[in-house]
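J.: Handing over protein_6.csv, CSV, C-alpha atoms.
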```
chain,number,residue,atom,x,y,z
A,361,ASP,CA,71.5,-6.2,58.1
A,362,ALA,CA,72.7,-8.6,60.8
A,363,GLU,CA,71.5,-12.1,60.4
A,364,ILE,CA,71.9,-15.7,61.4
A,365,THR,CA,72.3,-18.3,58.7
A,366,GLN,CA,72.3,-22.1,58.7
A,367,SER,CA,73.6,-24.5,56.1
A,368,PRO,CA,72.7,-26.7,54.6
A,369,ARG,CA,68.9,-26.1,54.7
A,370,HIS,CA,68.2,-29.8,53.9
A,371,LYS,CA,70.4,-32.8,54.3
A,372,ILE,CA,69.9,-36.5,53.9
A,373,THR,CA,72.5,-38.8,55.3
A,374,GLU,CA,73.0,-42.4,56.3
A,375,THR,CA,73.2,-44.0,59.7
A,376,GLY,CA,76.7,-44.0,61.1
A,377,ARG,CA,78.0,-41.0,59.1
A,378,GLN,CA,79.5,-37.9,60.6
A,379,VAL,CA,77.5,-34.8,59.8
A,380,THR,CA,78.2,-31.2,60.5
A,381,LEU,CA,75.6,-28.4,60.5
A,382,ALA,CA,76.9,-24.9,60.1
A,383,CYS,CA,75.6,-21.8,62.0
A,384,HIS,CA,76.9,-18.3,61.3
A,385,GLN,CA,75.7,-15.1,62.9
A,386,THR,CA,76.7,-11.5,62.1
A,387,TRP,CA,75.0,-10.0,65.2
A,388,ASN,CA,78.3,-10.2,67.1
A,389,HIS,CA,76.4,-12.0,69.9
A,390,ASN,CA,78.3,-13.8,72.6
A,391,ASN,CA,75.6,-16.4,73.2
A,392,MET,CA,74.8,-19.2,70.6
A,393,PHE,CA,72.5,-22.1,70.9
A,394,TRP,CA,71.5,-25.3,69.1
A,395,TYR,CA,68.0,-26.8,69.3
A,396,ARG,CA,66.2,-29.6,67.8
A,397,GLN,CA,62.5,-29.5,67.0
A,398,ASP,CA,60.4,-32.7,67.0
A,399,LEU,CA,56.7,-33.1,66.8
A,400,GLY,CA,55.2,-33.0,70.3
A,401,HIS,CA,58.3,-31.8,71.9
A,402,GLY,CA,58.7,-28.2,70.8
A,403,LEU,CA,62.3,-27.1,70.8
A,404,ARG,CA,64.9,-28.8,73.0
A,405,LEU,CA,68.3,-27.5,73.7
A,406,ILE,CA,71.3,-29.5,72.5
A,407,HIS,CA,74.4,-27.4,73.2
A,408,TYR,CA,75.1,-23.8,73.9
A,409,SER,CA,78.0,-21.4,74.1
A,410,TYR,CA,78.5,-18.1,76.0
A,411,GLY,CA,81.6,-17.1,74.2
A,412,VAL,CA,84.7,-18.3,72.3
A,413,GLN,CA,86.1,-21.5,73.7
A,414,ASP,CA,83.0,-22.0,75.9
A,415,THR,CA,80.6,-24.8,75.3
A,416,ASN,CA,78.0,-26.4,77.5
A,417,LYS,CA,75.6,-29.4,77.2
A,418,GLY,CA,71.9,-28.9,77.0
A,419,GLU,CA,68.9,-31.1,77.7
A,420,VAL,CA,69.6,-33.5,74.8
A,421,SER,CA,73.3,-33.5,74.1
A,422,ASP,CA,74.1,-37.2,73.7
A,423,GLY,CA,75.5,-37.9,70.2
A,424,TYR,CA,76.2,-34.2,69.4
A,425,SER,CA,79.2,-32.0,69.9
A,426,VAL,CA,80.0,-28.3,69.2
A,427,SER,CA,83.1,-26.1,69.2
A,428,ARG,CA,83.4,-22.3,69.3
A,429,SER,CA,86.6,-21.0,67.8
A,430,ASN,CA,85.2,-17.5,66.9
A,431,THR,CA,82.3,-15.3,67.8
A,432,GLU,CA,80.4,-15.8,64.5
A,433,ASP,CA,80.2,-19.6,64.2
A,434,LEU,CA,79.0,-22.6,66.2
A,435,PRO,CA,79.0,-25.8,64.1
A,436,LEU,CA,77.0,-28.8,65.4
A,437,THR,CA,78.5,-32.2,64.7
A,438,LEU,CA,76.7,-35.5,64.8
A,439,GLU,CA,79.5,-37.9,65.5
A,440,SER,CA,77.7,-41.0,64.2
A,441,ALA,CA,74.3,-40.2,62.8
A,442,ALA,CA,71.3,-42.2,64.1
A,443,SER,CA,67.7,-42.4,62.8
A,444,SER,CA,66.6,-40.9,66.1
A,445,GLN,CA,68.5,-37.7,65.1
A,446,THR,CA,66.2,-37.1,62.2
A,447,SER,CA,64.8,-33.7,63.1
A,448,VAL,CA,64.8,-30.0,62.3
A,449,TYR,CA,67.7,-28.2,63.8
A,450,PHE,CA,67.7,-24.5,64.8
A,451,CYS,CA,70.6,-22.3,65.7
A,452,ALA,CA,70.0,-19.2,67.7
A,453,SER,CA,72.0,-16.3,69.1
A,454,SER,CA,71.5,-13.7,71.8
A,455,GLU,CA,73.4,-11.0,73.6
A,456,GLY,CA,73.7,-10.4,77.3
A,457,ASP,CA,71.4,-11.9,79.9
A,458,SER,CA,68.5,-14.3,79.9
A,459,TYR,CA,65.9,-11.6,79.2
A,460,ASN,CA,67.3,-10.8,75.8
A,461,GLU,CA,65.6,-12.1,72.7
A,462,GLN,CA,67.1,-15.2,71.0
A,463,PHE,CA,67.3,-14.7,67.2
A,464,PHE,CA,66.8,-17.9,65.3
A,465,GLY,CA,68.2,-19.2,62.0
A,466,PRO,CA,65.9,-20.6,59.4
A,467,GLY,CA,66.5,-24.2,60.4
A,468,THR,CA,68.1,-27.3,58.9
A,469,ARG,CA,66.0,-30.4,58.1
A,470,LEU,CA,68.1,-33.4,58.6
A,471,THR,CA,67.0,-36.9,57.6
A,472,VAL,CA,69.0,-39.9,58.7
A,473,LEU,CA,68.2,-43.1,56.7
B,1356,ALA,CA,63.9,-29.8,86.0
B,1357,GLN,CA,61.8,-27.0,84.7
B,1358,THR,CA,58.9,-28.0,82.4
B,1359,VAL,CA,56.6,-26.0,80.2
B,1360,THR,CA,53.1,-27.3,79.3
B,1361,GLN,CA,50.9,-26.1,76.6
B,1362,SER,CA,47.7,-28.0,77.0
B,1363,GLN,CA,46.0,-27.0,73.8
B,1364,PRO,CA,47.6,-28.7,70.8
B,1365,GLU,CA,45.3,-26.8,68.4
B,1366,MET,CA,43.1,-23.7,68.6
B,1367,SER,CA,40.9,-21.9,66.2
B,1368,VAL,CA,39.7,-18.4,66.1
B,1369,GLN,CA,37.5,-16.3,63.8
B,1370,GLU,CA,39.2,-13.4,62.1
B,1371,ALA,CA,38.8,-10.2,64.2
B,1372,GLU,CA,38.0,-12.1,67.3
B,1373,THR,CA,40.1,-12.8,70.4
B,1374,VAL,CA,41.8,-16.0,71.4
B,1375,THR,CA,43.8,-17.0,74.5
B,1376,LEU,CA,46.6,-19.6,74.4
B,1377,SER,CA,47.4,-21.4,77.7
B,1378,CYS,CA,50.8,-22.1,79.2
B,1379,THR,CA,51.8,-23.4,82.6
B,1380,TYR,CA,55.3,-24.1,83.8
B,1381,ASP,CA,57.0,-25.8,86.7
B,1382,THR,CA,59.9,-24.2,88.6
B,1383,SER,CA,61.3,-23.6,92.0
B,1384,GLU,CA,63.1,-20.5,90.9
B,1385,SER,CA,61.9,-17.0,91.8
B,1386,ASP,CA,63.7,-15.1,89.1
B,1387,TYR,CA,63.1,-16.1,85.5
B,1388,TYR,CA,61.8,-15.0,82.2
B,1389,LEU,CA,58.9,-16.1,80.0
B,1390,PHE,CA,58.4,-15.8,76.3
B,1391,TRP,CA,56.0,-16.5,73.5
B,1392,TYR,CA,57.4,-17.3,70.1
B,1393,LYS,CA,55.5,-17.6,66.8
B,1394,GLN,CA,56.5,-20.1,64.1
B,1395,PRO,CA,54.7,-19.5,60.8
B,1396,PRO,CA,54.9,-22.1,58.0
B,1397,SER,CA,58.2,-20.6,56.9
B,1398,ARG,CA,59.6,-22.2,60.1
B,1399,GLN,CA,61.2,-18.9,61.2
B,1400,MET,CA,60.9,-18.4,65.0
B,1401,ILE,CA,59.7,-14.9,65.9
B,1402,LEU,CA,59.5,-13.4,69.3
B,1403,VAL,CA,56.0,-12.2,70.1
B,1404,ILE,CA,56.2,-11.0,73.7
B,1405,ARG,CA,58.2,-11.6,76.9
B,1406,GLN,CA,57.8,-11.1,80.6
B,1407,GLU,CA,60.1,-10.8,83.5
B,1408,ALA,CA,58.9,-12.8,86.5
B,1409,TYR,CA,59.7,-10.0,89.0
B,1410,LYS,CA,57.3,-7.6,87.2
B,1411,GLN,CA,53.7,-7.9,88.2
B,1412,GLN,CA,52.5,-5.8,85.3
B,1413,ASN,CA,51.4,-7.9,82.4
B,1414,ALA,CA,53.4,-7.3,79.2
B,1415,THR,CA,51.6,-6.0,76.1
B,1416,GLU,CA,52.7,-5.6,72.5
B,1417,ASN,CA,50.1,-4.1,70.2
B,1418,ARG,CA,47.4,-6.8,69.8
B,1419,PHE,CA,49.3,-9.3,72.0
B,1420,SER,CA,49.1,-9.4,75.7
B,1421,VAL,CA,49.8,-11.9,78.5
B,1422,ASN,CA,48.1,-12.9,81.7
B,1423,PHE,CA,51.0,-13.7,84.0
B,1424,GLN,CA,50.0,-15.4,87.2
B,1425,LYS,CA,53.2,-16.1,89.1
B,1426,ALA,CA,51.7,-18.0,92.0
B,1427,ALA,CA,49.7,-20.3,89.7
B,1428,LYS,CA,52.8,-20.5,87.3
B,1429,SER,CA,50.6,-19.6,84.4
B,1430,PHE,CA,51.5,-17.4,81.4
B,1431,SER,CA,48.7,-17.2,78.8
B,1432,LEU,CA,48.8,-15.3,75.6
B,1433,LYS,CA,45.9,-13.2,74.4
B,1434,ILE,CA,45.6,-12.2,70.7
B,1435,SER,CA,43.0,-9.5,70.1
B,1436,ASP,CA,41.5,-8.7,66.7
B,1437,SER,CA,43.0,-11.8,65.2
B,1438,GLN,CA,44.3,-11.6,61.7
B,1439,LEU,CA,45.0,-14.2,59.0
B,1440,GLY,CA,48.7,-13.6,59.4
B,1441,ASP,CA,48.5,-14.7,63.1
B,1442,ALA,CA,48.0,-18.3,61.9
B,1443,ALA,CA,51.1,-20.2,63.1
B,1444,MET,CA,52.5,-22.5,65.8
B,1445,TYR,CA,52.9,-20.7,69.1
B,1446,PHE,CA,55.5,-21.7,71.6
B,1447,CYS,CA,55.7,-20.7,75.2
B,1448,ALA,CA,59.2,-20.7,76.7
B,1449,TYR,CA,60.7,-20.4,80.1
B,1450,ARG,CA,64.3,-19.3,80.8
B,1451,SER,CA,66.4,-19.3,84.0
B,1452,GLY,CA,69.6,-20.4,82.5
B,1453,ASP,CA,68.6,-22.9,79.7
B,1454,MET,CA,65.5,-22.0,77.6
B,1455,ARG,CA,62.7,-24.6,77.9
B,1456,PHE,CA,59.9,-24.7,75.3
B,1457,GLY,CA,56.4,-26.1,75.4
B,1458,ALA,CA,55.2,-28.5,72.8
B,1459,GLY,CA,53.3,-25.7,71.0
B,1460,THR,CA,49.8,-24.7,70.0
B,1461,ARG,CA,48.8,-24.6,66.4
B,1462,LEU,CA,46.5,-21.6,65.8
B,1463,THR,CA,44.2,-21.5,62.8
B,1464,VAL,CA,42.5,-18.2,61.9
B,1465,LYS,CA,39.2,-18.6,59.9
B,1466,PRO,CA,38.2,-15.8,57.5
```
What would you get if you wrote out this structure as structure tokens?
T.:
Amino acid sequence: DAEITQSPRHKITETGRQVTLACHQTWNHNNMFWYRQDLGHGLRLIHYSYGVQDTNKGEVSDGYSVSRSNTEDLPLTLESAASSQTSVYFCASSEGDSYNEQFFGPGTRLTVL
Amino acid sequence: AQTVTQSQPEMSVQEAETVTLSCTYDTSESDYYLFWYKQPPSRQMILVIRQEAYKQQNATENRFSVNFQKAAKSFSLKISDSQLGDAAMYFCAYRSGDMRFGAGTRLTVKP
């Protein structure tokens, strides 16, 4: 069955370190998204991609970057981790237009000490 | 910017009864999409129901239905015959380009 996976599921890092969260989908979807989930804010969009070599900034993109070199993967990099980036991170993918369902990964809990 | 507001941080319902979760949104767009997602303790986000703004007919999916009031910018979720497995966080979301989520409503189902 097609799926979307994230790794690691849990990570603890220190302030100032570079961190990369992996997202891999086997749906063959063109669209991929990264969100962060914080109490009281729901999910907020960090970055998204509509295809290979395409990346776009979302609502809360400062301090994060993504690259899309193939259809299956959209890694999220925190250039210099900050305590404010402690959160649960979700990757999602979808096909086609805005009406289509976004399929979410299981999430990565990141703690920045 | 589009915003989505869920005014009920927590709701509770008795098993087998009906509950309605509220959602309002702010937009100047005329063409957009609305969604309700469920997030159980496993953290997995699951699509419950969706609505296209140009459709006047309210969407239904088994025990789940919506009351879409476009002029009022309201999109409430009704859960009928509530089951213990319905206990979860519920997120309302709006999409016209980016997806915007509300802060969520935690639903408790009492046996």
J.: When distances are computed from all atoms listed in the file, which of B:Ser1431, B:Gln1399, B:Thr1375, B:Asn1422 shows the smallest separation from chain A?
T.: B:Gln1399
J.: With distances taken over only C-alpha atoms, which residue among A:Glu419, A:Asn430, A:Gly465, A:Glu455 lies nearest Thr1358 of chain B?
T.: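 Under the stated criterion, the closest residue is A:Glu419.
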J.: Counting all atoms listed in the file, give me one row per residue of chain A with an atom at most 7 Å from an atom of chain B, showing the shortest contact pair and its distance in Å to one decimal, sorted by chain then residue number, as a Markdown table.
T.:
```
| residue | atom | partner | partner_atom | distance |
| --- | --- | --- | --- | --- |
| A:Gly400 | CA | B:Ala1458 | CA | 5.1 |
| A:His401 | CA | B:Ala1458 | CA | 4.6 |
| A:Gly402 | CA | B:Ala1458 | CA | 4.0 |
| A:Leu403 | CA | B:Phe1456 | CA | 5.6 |
| A:Arg404 | CA | B:Arg1455 | CA | 6.8 |
| A:Ser458 | CA | B:Arg1450 | CA | 6.6 |
| A:Tyr459 | CA | B:Tyr1388 | CA | 6.1 |
| A:Phe464 | CA | B:Met1400 | CA | 5.9 |
| A:Pro466 | CA | B:Gln1399 | CA | 5.3 |
```
J.: Find the spatial neighbours of Ser427 of chain A, counting only C-alpha atoms, within a cut-off of 12 Å - ignore same-chain residues fewer than 4 positions away - and output them as a list in words.
T.: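 So, after excluding close chain neighbours, the residues are Thr380, Leu381, Ala382, Cys383, Met392, Phe393, Trp394, His407, Tyr408, Ser409, Tyr410, Gly411, Val412, Gln413, Asp414, Thr415, Asn416, Lys417, Thr431, Glu432, Asp433, Leu434, Pro435, Leu436 and Thr437 of chain A.
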J.: I'd like the interatomic distance between atom CA of Phe1419 of chain B and atom CA of Ser1383 of chain B, to a tenth of an Å.
T.: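 That distance, rounded to one decimal, is 27.4 Å.
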J.: Rank B:Gln1438, B:Tyr1409, B:Ser1429, B:Glu1365 by their smallest atom-to-atom distance to Thr1379 of chain B, using all atoms listed in the file, and report the top residue only.
T.: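 Between B:Gln1438, B:Tyr1409, B:Ser1429, B:Glu1365, the residue approaching Thr1379 of chain B most closely is B:Ser1429.
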J.: Kindly provide, as a list in words, the polymer residues lying within 10 Å of (70.0, -39.0, 68.0), counting only C-alpha atoms and using the coordinates exactly as they appear in the file.
T.: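 Within 10 Å of (70.0, -39.0, 68.0), the protein and nucleic acid residues are Val420, Ser421, Asp422, Gly423, Tyr424, Leu438, Glu439, Ser440, Ala441, Ala442, Ser443, Ser444, Gln445, Thr446, Ser447 and Val472 of chain A.
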J.: Quick check, in Å to one decimal: how far apart do atom CA of Arg428 of chain A and atom CA of Thr471 of chain A lie?
T.: 24.9 Å
J.: Show which residues sit within 8 Å of Gln1369 of chain B, as a list in words. Count only C-alpha atoms, and ignore same-chain residues fewer than 4 positions away.
T.: Thr1373, Ser1437, Val1464, Lys1465 and Pro1466 of chain B
J.: Compile the contact shell of Gln1357 of chain B as a list in words: residues with an atom at most 8 Å away, counting only C-alpha atoms, same-chain residues fewer than 4 positions apart removed.
T.: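 The residues satisfying every condition are Tyr1380, Asp1381, Thr1382 and Arg1455 of chain B.
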J.: So, counting all atoms listed in the file, which residue among A:Ser429, A:Gln385, A:Ser453, A:Asn460 is closest to Ile364 of chain A?
T.: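 Residue with the minimum atom-to-atom distance to Ile364 of chain A: A:Gln385.
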J.: Please indicate the distance in Å from atom CA of Leu1376 of chain B to atom CA of Arg1461 of chain B, rounded to one decimal place.
T.: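 Those two atoms sit 9.7 Å apart.
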J.: Nearest to Cys451 of chain A: which of A:Arg377, A:His384, A:Arg469, A:His370 is it, counting all atoms listed in the file?
T.: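 Using all atoms listed in the file, the shortest distance to Cys451 of chain A belongs to A:His384.
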J.: Within 10 Å of (49.6, -13.8, 83.1) in the file's own coordinates, which protein, DNA or RNA residues have an atom, counting only C-alpha atoms? List them as an mmCIF file with C-alpha atoms, in the coordinates of the input.
T.:
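File produced: point.cif:
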```
data_model
loop_
_atom_site.group_PDB
_atom_site.id
_atom_site.type_symbol
_atom_site.label_atom_id
_atom_site.label_comp_id
_atom_site.auth_asym_id
_atom_site.auth_seq_id
_atom_site.Cartn_x
_atom_site.Cartn_y
_atom_site.Cartn_z
ATOM 1 C CA SER B 1377 47.400 -21.400 77.700
ATOM 2 C CA CYS B 1378 50.800 -22.100 79.200
ATOM 3 C CA THR B 1379 51.800 -23.400 82.600
ATOM 4 C CA GLN B 1406 57.800 -11.100 80.600
ATOM 5 C CA ALA B 1408 58.900 -12.800 86.500
ATOM 6 C CA GLN B 1411 53.700 -7.900 88.200
ATOM 7 C CA GLN B 1412 52.500 -5.800 85.300
ATOM 8 C CA ASN B 1413 51.400 -7.900 82.400
ATOM 9 C CA ALA B 1414 53.400 -7.300 79.200
ATOM 10 C CA SER B 1420 49.100 -9.400 75.700
ATOM 11 C CA VAL B 1421 49.800 -11.900 78.500
ATOM 12 C CA ASN B 1422 48.100 -12.900 81.700
ATOM 13 C CA PHE B 1423 51.000 -13.700 84.000
ATOM 14 C CA GLN B 1424 50.000 -15.400 87.200
ATOM 15 C CA LYS B 1425 53.200 -16.100 89.100
ATOM 16 C CA ALA B 1427 49.700 -20.300 89.700
ATOM 17 C CA LYS B 1428 52.800 -20.500 87.300
ATOM 18 C CA SER B 1429 50.600 -19.600 84.400
ATOM 19 C CA PHE B 1430 51.500 -17.400 81.400
ATOM 20 C CA SER B 1431 48.700 -17.200 78.800
ATOM 21 C CA LEU B 1432 48.800 -15.300 75.600
ATOM 22 C CA LYS B 1433 45.900 -13.200 74.400
#
```
J.: For Asp361 of chain A, list every protein, DNA or RNA residue within 12 Å, evaluated using all atoms listed in the file, and leave out those in the same chain fewer than 6 positions away; present the list as a PyMOL selection string.
T.: chain A and resi 385-388
J.: Only N, CA, C and O atoms, please: segment 1389-1417 of chain B from the block, as an mmCIF file, in the first residue's frame.
T.:
```cif
data_model
loop_
_atom_site.group_PDB
_atom_site.id
_atom_site.type_symbol
_atom_site.label_atom_id
_atom_site.label_comp_id
_atom_site.auth_asym_id
_atom_site.auth_seq_id
_atom_site.Cartn_x
_atom_site.Cartn_y
_atom_site.Cartn_z
ATOM 1 N N LEU B 1389 -13.179 23.550 2.118
ATOM 2 C CA LEU B 1389 -13.193 23.425 3.577
ATOM 3 C C LEU B 1389 -13.102 21.955 3.961
ATOM 4 O O LEU B 1389 -13.661 21.102 3.266
ATOM 5 N N PHE B 1390 -12.419 21.697 5.057
ATOM 6 C CA PHE B 1390 -12.167 20.323 5.487
ATOM 7 C C PHE B 1390 -12.327 20.216 6.997
ATOM 8 O O PHE B 1390 -12.098 21.170 7.735
ATOM 9 N N TRP B 1391 -12.677 19.029 7.427
ATOM 10 C CA TRP B 1391 -12.556 18.644 8.827
ATOM 11 C C TRP B 1391 -11.629 17.433 8.896
ATOM 12 O O TRP B 1391 -11.840 16.439 8.206
ATOM 13 N N TYR B 1392 -10.611 17.572 9.758
ATOM 14 C CA TYR B 1392 -9.681 16.481 10.000
ATOM 15 C C TYR B 1392 -9.819 16.030 11.447
ATOM 16 O O TYR B 1392 -10.058 16.837 12.356
ATOM 17 N N LYS B 1393 -9.612 14.743 11.657
ATOM 18 C CA LYS B 1393 -9.629 14.150 12.989
ATOM 19 C C LYS B 1393 -8.211 13.719 13.342
ATOM 20 O O LYS B 1393 -7.503 13.153 12.503
ATOM 21 N N GLN B 1394 -7.815 13.997 14.592
ATOM 22 C CA GLN B 1394 -6.506 13.556 15.060
ATOM 23 C C GLN B 1394 -6.668 12.789 16.377
ATOM 24 O O GLN B 1394 -6.800 13.383 17.440
ATOM 25 N N PRO B 1395 -6.690 11.466 16.314
ATOM 26 C CA PRO B 1395 -6.779 10.660 17.541
ATOM 27 C C PRO B 1395 -5.465 10.702 18.304
ATOM 28 O O PRO B 1395 -4.509 11.310 17.827
ATOM 29 N N PRO B 1396 -5.397 10.071 19.463
ATOM 30 C CA PRO B 1396 -4.154 10.089 20.252
ATOM 31 C C PRO B 1396 -2.935 9.559 19.497
ATOM 32 O O PRO B 1396 -1.807 9.894 19.840
ATOM 33 N N SER B 1397 -3.149 8.770 18.484
ATOM 34 C CA SER B 1397 -2.022 8.281 17.678
ATOM 35 C C SER B 1397 -1.323 9.394 16.904
ATOM 36 O O SER B 1397 -0.246 9.184 16.349
ATOM 37 N N ARG B 1398 -1.922 10.549 16.858
ATOM 38 C CA ARG B 1398 -1.411 11.746 16.148
ATOM 39 C C ARG B 1398 -1.656 11.716 14.649
ATOM 40 O O ARG B 1398 -1.402 12.693 13.968
ATOM 41 N N GLN B 1399 -2.164 10.608 14.139
ATOM 42 C CA GLN B 1399 -2.401 10.518 12.697
ATOM 43 C C GLN B 1399 -3.536 11.444 12.288
ATOM 44 O O GLN B 1399 -4.599 11.422 12.888
ATOM 45 N N MET B 1400 -3.340 12.262 11.278
ATOM 46 C CA MET B 1400 -4.380 13.156 10.773
ATOM 47 C C MET B 1400 -5.228 12.403 9.751
ATOM 48 O O MET B 1400 -4.701 11.863 8.777
ATOM 49 N N ILE B 1401 -6.541 12.408 9.972
ATOM 50 C CA ILE B 1401 -7.460 11.645 9.128
ATOM 51 C C ILE B 1401 -8.532 12.589 8.605
ATOM 52 O O ILE B 1401 -9.171 13.289 9.383
ATOM 53 N N LEU B 1402 -8.728 12.594 7.303
ATOM 54 C CA LEU B 1402 -9.781 13.422 6.717
ATOM 55 C C LEU B 1402 -11.145 12.856 7.079
ATOM 56 O O LEU B 1402 -11.417 11.673 6.885
ATOM 57 N N VAL B 1403 -12.013 13.714 7.603
ATOM 58 C CA VAL B 1403 -13.364 13.304 7.972
ATOM 59 C C VAL B 1403 -14.353 13.649 6.862
ATOM 60 O O VAL B 1403 -15.158 12.812 6.437
ATOM 61 N N ILE B 1404 -14.292 14.898 6.384
ATOM 62 C CA ILE B 1404 -15.268 15.373 5.418
ATOM 63 C C ILE B 1404 -14.737 16.648 4.760
ATOM 64 O O ILE B 1404 -13.890 17.339 5.343
ATOM 65 N N ARG B 1405 -15.208 16.937 3.562
ATOM 66 C CA ARG B 1405 -14.772 18.147 2.863
ATOM 67 C C ARG B 1405 -15.934 18.744 2.091
ATOM 68 O O ARG B 1405 -16.897 18.056 1.743
ATOM 69 N N GLN B 1406 -15.790 20.029 1.786
ATOM 70 C CA GLN B 1406 -16.861 20.782 1.132
ATOM 71 C C GLN B 1406 -16.255 21.766 0.148
ATOM 72 O O GLN B 1406 -15.281 22.459 0.477
ATOM 73 N N GLU B 1407 -16.819 21.812 -1.026
ATOM 74 C CA GLU B 1407 -16.425 22.834 -1.993
ATOM 75 C C GLU B 1407 -17.320 24.050 -1.806
ATOM 76 O O GLU B 1407 -18.544 23.898 -1.690
ATOM 77 N N ALA B 1408 -16.738 25.226 -1.794
ATOM 78 C CA ALA B 1408 -17.515 26.425 -1.479
ATOM 79 C C ALA B 1408 -18.601 26.719 -2.503
ATOM 80 O O ALA B 1408 -19.621 27.326 -2.168
ATOM 81 N N TYR B 1409 -18.402 26.316 -3.748
ATOM 82 C CA TYR B 1409 -19.404 26.631 -4.771
ATOM 83 C C TYR B 1409 -20.619 25.704 -4.692
ATOM 84 O O TYR B 1409 -21.634 25.941 -5.341
ATOM 85 N N LYS B 1410 -20.512 24.635 -3.896
ATOM 86 C CA LYS B 1410 -21.647 23.714 -3.747
ATOM 87 C C LYS B 1410 -22.505 24.137 -2.560
ATOM 88 O O LYS B 1410 -22.013 24.277 -1.447
ATOM 89 N N GLN B 1411 -23.779 24.338 -2.813
ATOM 90 C CA GLN B 1411 -24.683 24.741 -1.737
ATOM 91 C C GLN B 1411 -25.087 23.560 -0.867
ATOM 92 O O GLN B 1411 -25.385 23.721 0.313
ATOM 93 N N GLN B 1412 -25.090 22.377 -1.457
ATOM 94 C CA GLN B 1412 -25.523 21.202 -0.711
ATOM 95 C C GLN B 1412 -24.465 20.830 0.319
ATOM 96 O O GLN B 1412 -23.277 20.742 0.013
ATOM 97 N N ASN B 1413 -24.918 20.580 1.544
ATOM 98 C CA ASN B 1413 -24.001 20.208 2.614
ATOM 99 C C ASN B 1413 -23.475 18.791 2.409
ATOM 100 O O ASN B 1413 -24.231 17.875 2.096
ATOM 101 N N ALA B 1414 -22.155 18.625 2.644
ATOM 102 C CA ALA B 1414 -21.546 17.309 2.499
ATOM 103 C C ALA B 1414 -21.944 16.397 3.660
ATOM 104 O O ALA B 1414 -22.146 16.861 4.789
ATOM 105 N N THR B 1415 -22.060 15.113 3.378
ATOM 106 C CA THR B 1415 -22.305 14.119 4.415
ATOM 107 C C THR B 1415 -21.422 12.899 4.141
ATOM 108 O O THR B 1415 -21.152 12.552 2.988
ATOM 109 N N GLU B 1416 -20.966 12.288 5.219
ATOM 110 C CA GLU B 1416 -20.193 11.054 5.155
ATOM 111 C C GLU B 1416 -20.628 10.185 6.329
ATOM 112 O O GLU B 1416 -20.138 10.325 7.441
ATOM 113 N N ASN B 1417 -21.573 9.307 6.059
ATOM 114 C CA ASN B 1417 -22.089 8.408 7.102
ATOM 115 C C ASN B 1417 -22.612 9.214 8.293
ATOM 116 O O ASN B 1417 -23.558 9.984 8.143
#
```
